[in-house]
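J.: First, the structure itself, so that you have it in front of you.
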Amino acid sequence: VIILYSIIFALYAQLTIIFKYSQNIIKFNILVTFVPLIFLFLIAFSSAIQIFLSVELIIIFHIISLLISILFFLLPAIKIVGFSFSIYKKSDLLWDFRYGLPVLATAILEIIINISDRFIIAAFMKPADVAYYSVAFTICSLLLIFPRLFSHSLEPRLMYLKDKMDLNSIKELVEDSIFLFYFFGIPITLGSYLYGNKAISIVLGESFSSNVGFVLPLLMVGCLFYGLAIIISMIYFAFIKTKALMIFNTTAAVSNLFINILVFSFFESIYVAAISSIISYFILLALLSINLKKIITIKIINNELVKNLIAAIFTSFICVKRFDPAILYIDNDLFEILVSIIIFIIIYCFFNLLFKSKVISLIKNAYN
């Protein structure tokens with residue numbers, strides 16, 4: 001089953017690359033959004049009809065979600081690049097071995113980082129715990145849509161600028177992408193703490209909500225680190241530093257496996273997997289950031305991070321301490337949480353305007 005998943009995931013990854021570099025933004029966005037949404041639907045449906053969620057069934061749900069997405073987008077991808085059999089030239093083969101194999105290894109290691117914790121949970125705990133963790137991780141992975149969306153236009157642009165050795169433009173583009181990710185990622189992370197469990201309770205039931213608990217915001221923090229790592233990795237791809245990427249991803253994957261196996265031997269909880277994910281993603285981000293200085297200087301910790309963080313904290317405080325949706329006499333739980341989220345967004349945007357966040361200027365310029 002794992003081999004089948006790896007093959008199908010590789011095909012799915014190729015489709016995302018085709019849409020990314022052909023500038024088909026809408027198709028790319030729909031494709032990367034389809035997979036987690038279909039998976040969540042299958043989990044919700046199986047829970048509704050009370051099907052026992054085994055580890056194998058969860059992996060099968062992942063495979064089904066990938067296959068459905070591939071079936072919808074395979075033909076549009078073929079229309080873009082065509083389809084033909086070709087014979088490798090010796091020079092192309094050597095180039096692929098030198099630069100392509102590290103990329104392939106990096107993709108495999110990415111899969112290990114993202115799914116190995118579920119197998120560790122299955123080895124030490126009940127299959128139901130795998131389902132709870134998988135749901136939380138899939139929801140959090142939606143945050144990664146933003147950096148993957150940025151990569152759609154950023155990667156080709158960075159490669160073009162690298163050929164011109166325009167380092168100032170590379171620095172500006174990457175830092176603006178980081179600013180935008182902070183703008184969206186930080187409030188979503190805090191919002192997952194405020195509203196995540198209630199949303200899961202509405203969609204999947206109280207059982208899922210109570211068992212997921214604080215795992216959702218923990219994994220969201222991990223995905224925040226991982227999203228930053230994705231953005232920074234684009235620079236490594238642009239400068240063809242694939243070997244360094246492979247080494248850093250190997251370190252993160254080994255760290256994830258080591259921490260999980262070691263701690264699970266003494267303490268069995270899905271919180272262990274969530275915390276190990278945070279640590280491994282942070283290790284990956286730290287290695288990428290430290291080594292990045294040899295290529296270009298990019299500020300990851302900056303004033304925009306502070307502004308967005310303060311704005312999100314103030315917003316969370318106001319929403320928790322000063323605003324109660326009950327004053328609107330809303331009886332429907334789903335409508336109540338939607339109203340709460342809308343108010344959260346409005347207050348957050350107000351604080352960003354007040355703090356004169358650069359992202360507001362970027363959005364204005366894009367609109368104009």
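Following the order of the structure tokens, first chain is A, next is B, and so on, with residues numbered from 1 inside each chain and ligands from 1 in the order they appear.
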List the neighbours of segment 304-318 of chain A out to 10 Å using only C-alpha atoms; skip same-chain residues closer than 4 positions along the sequence, and give me the result as a VMD selection string.

T.: chain A and resid 175 to 176 178 to 191 193 to 194 300 322 to 324 343 to 359

J.: Quick one: everything within 8 Å of segment 206-215 of chain A, counting only C-alpha atoms, minus sequence neighbours fewer than 6 positions away in the same chain. Send it as a list in words.

T.: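 That gives Asp129, Tyr132, Tyr133, Ala136, Tyr193, Asn197, Lys198, Ile200, Ile270, Tyr271 and Ala274 of chain A.
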
J.: Store the residues picked out above, limited to N, CA and C atoms, as a short mmCIF file (atom, residue, chain, number, x, y, z; two decimals), in the first residue's frame.

T.:
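Contents of part.cif, as written:
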data_model
loop_
_atom_site.label_atom_id
_atom_site.label_comp_id
_atom_site.auth_asym_id
_atom_site.auth_seq_id
_atom_site.Cartn_x
_atom_site.Cartn_y
_atom_site.Cartn_z
N ASP A 129 -6.76 6.37 17.02
CA ASP A 129 -5.85 7.49 17.29
C ASP A 129 -5.17 7.97 16.01
N TYR A 132 -7.69 10.24 14.33
CA TYR A 132 -7.77 11.56 14.97
C TYR A 132 -6.60 12.43 14.54
N TYR A 133 -5.41 11.83 14.54
CA TYR A 133 -4.21 12.58 14.18
C TYR A 133 -4.24 12.95 12.69
N ALA A 136 -6.49 15.94 12.02
CA ALA A 136 -5.86 17.19 12.47
C ALA A 136 -4.75 17.60 11.52
N TYR A 193 -6.58 27.50 17.41
CA TYR A 193 -6.69 27.30 18.86
C TYR A 193 -8.06 27.76 19.38
N ASN A 197 -11.36 23.22 17.39
CA ASN A 197 -12.09 22.09 17.96
C ASN A 197 -13.60 22.21 17.76
N LYS A 198 -14.10 23.43 17.85
CA LYS A 198 -15.54 23.63 17.66
C LYS A 198 -15.93 23.32 16.22
N ILE A 200 -14.35 21.22 14.18
CA ILE A 200 -14.27 19.76 14.03
C ILE A 200 -15.50 19.10 14.64
N ILE A 270 -0.86 11.00 20.97
CA ILE A 270 -0.73 11.66 19.66
C ILE A 270 -0.07 13.03 19.82
N TYR A 271 -0.03 13.54 21.06
CA TYR A 271 0.69 14.80 21.30
C TYR A 271 2.19 14.63 21.04
N ALA A 274 2.71 15.14 17.39
CA ALA A 274 2.54 16.55 17.05
C ALA A 274 3.78 17.36 17.43
#

J.: From the options A:Phe335, A:Phe73, A:Phe239, A:Phe282, which residue's atoms come nearest to Asp163 of chain A, counting only C-alpha atoms?

T.: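 Ranked by minimum distance to Asp163 of chain A, first place goes to A:Phe239.
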
J.: State, in Å with one decimal place, the distance from atom CA of Ile64 of chain A to atom CA of Leu11 of chain A.

T.: 13.3 Å

J.: Need the shell around segment 277-279 of chain A: protein/DNA/RNA residues with any atom at most 9 Å away, counting only C-alpha atoms. Skip same-chain ones fewer than 6 positions apart. Format as number ranges by chain?

T.: A: 113-114, 117, 218-223, 225-226, 252, 255-256, 259-260

J.: Can you list, as a list in words, every protein, DNA or RNA residue that comes within 9 Å of Phe237 of chain A when you count only C-alpha atoms, leaving out same-chain residues fewer than 4 positions away?

T.: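 My list of contacting residues is Glu155, Leu158, Met159, Ser233, Lys241, Thr242 and Leu245 of chain A.
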
J.: Selected residues, C-alpha atoms, written as a PDB file, in the first residue's frame, please.

T.:
ATOM      1  CA  GLU A 155      10.109  29.674  -8.474  1.00  0.00           C
ATOM      2  CA  LEU A 158      13.708  33.317  -8.985  1.00  0.00           C
ATOM      3  CA  MET A 159      15.377  31.123 -11.604  1.00  0.00           C
ATOM      4  CA  SER A 233      13.629  26.020  -0.364  1.00  0.00           C
ATOM      5  CA  LYS A 241      21.525  23.468  -4.348  1.00  0.00           C
ATOM      6  CA  THR A 242      19.619  20.160  -4.412  1.00  0.00           C
ATOM      7  CA  LEU A 245      18.178  20.233   0.361  1.00  0.00           C
TER       8      LEU A 245
END

J.: Point out the residue among A:Ile120, A:Ile26, A:Ala44, A:Ala77 with the least atom-to-atom distance to Phe264 of chain A, counting only C-alpha atoms.

T.: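 Counting only C-alpha atoms, the residue closest to Phe264 of chain A is A:Ile120.
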
J.: In Å, rounded to a single decimal, give me how far atom CA of Val203 of chain A is from atom CA of Phe45 of chain A.

T.: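 Atom-to-atom, atom CA of Phe45 of chain A to atom CA of Val203 of chain A, that is 10.3 Å.
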
J.: Which of these residues is nearest to Phe146 of chain A, using only C-alpha atoms: A:Val32, A:Ala128, A:Ala238, A:Val174?

T.: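 Of A:Val32, A:Ala128, A:Ala238, A:Val174, the one nearest Phe146 of chain A is A:Val32, counting only C-alpha atoms.
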
J.: Let me make sure I understand: among A:Ile232, A:Ala199, A:Ile261, A:Ala10, which one has the smallest atom-to-atom distance to Ile296 of chain A if we use only C-alpha atoms?

T.: A:Ile232

J.: Nearest residue to Leu288 of chain A out of A:Leu57, A:Met246, A:Leu338, A:Ala13, using only C-alpha atoms?

T.: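 When distances to Leu288 of chain A are compared using only C-alpha atoms, the smallest one comes from A:Met246.
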
J.: Quick one: residues within 12 Å of Lys294 of chain A, only C-alpha atoms, excluding same-chain residues fewer than 3 positions away - as a PyMOL selection string?

T.: chain A and resi 235-236+239+241+244+287-291+297-298

J.: Okay, now the selection with C-alpha atoms, as a compact mmCIF listing (two decimals), in the first residue's frame?

T.:
# COMPACT_ATOMS: atom_id res chain seq x y z
CA ILE A 235 15.99 29.75 -3.36
CA TYR A 236 17.88 26.44 -3.11
CA PHE A 239 20.53 28.06 -7.30
CA LYS A 241 21.53 23.47 -4.35
CA ALA A 244 21.98 20.61 0.47
CA LEU A 287 19.16 24.36 8.70
CA LEU A 288 17.79 26.04 5.58
CA SER A 289 18.00 29.50 7.17
CA ILE A 290 21.52 29.13 8.57
CA ASN A 291 22.97 27.73 5.32
CA THR A 297 20.80 37.26 3.16
CA ILE A 298 17.08 36.93 3.91

J.: Grab the atom CA of Phe258 of chain A to atom CA of Phe137 of chain A distance for me, in Å with one decimal place.

T.: 19.6 Å
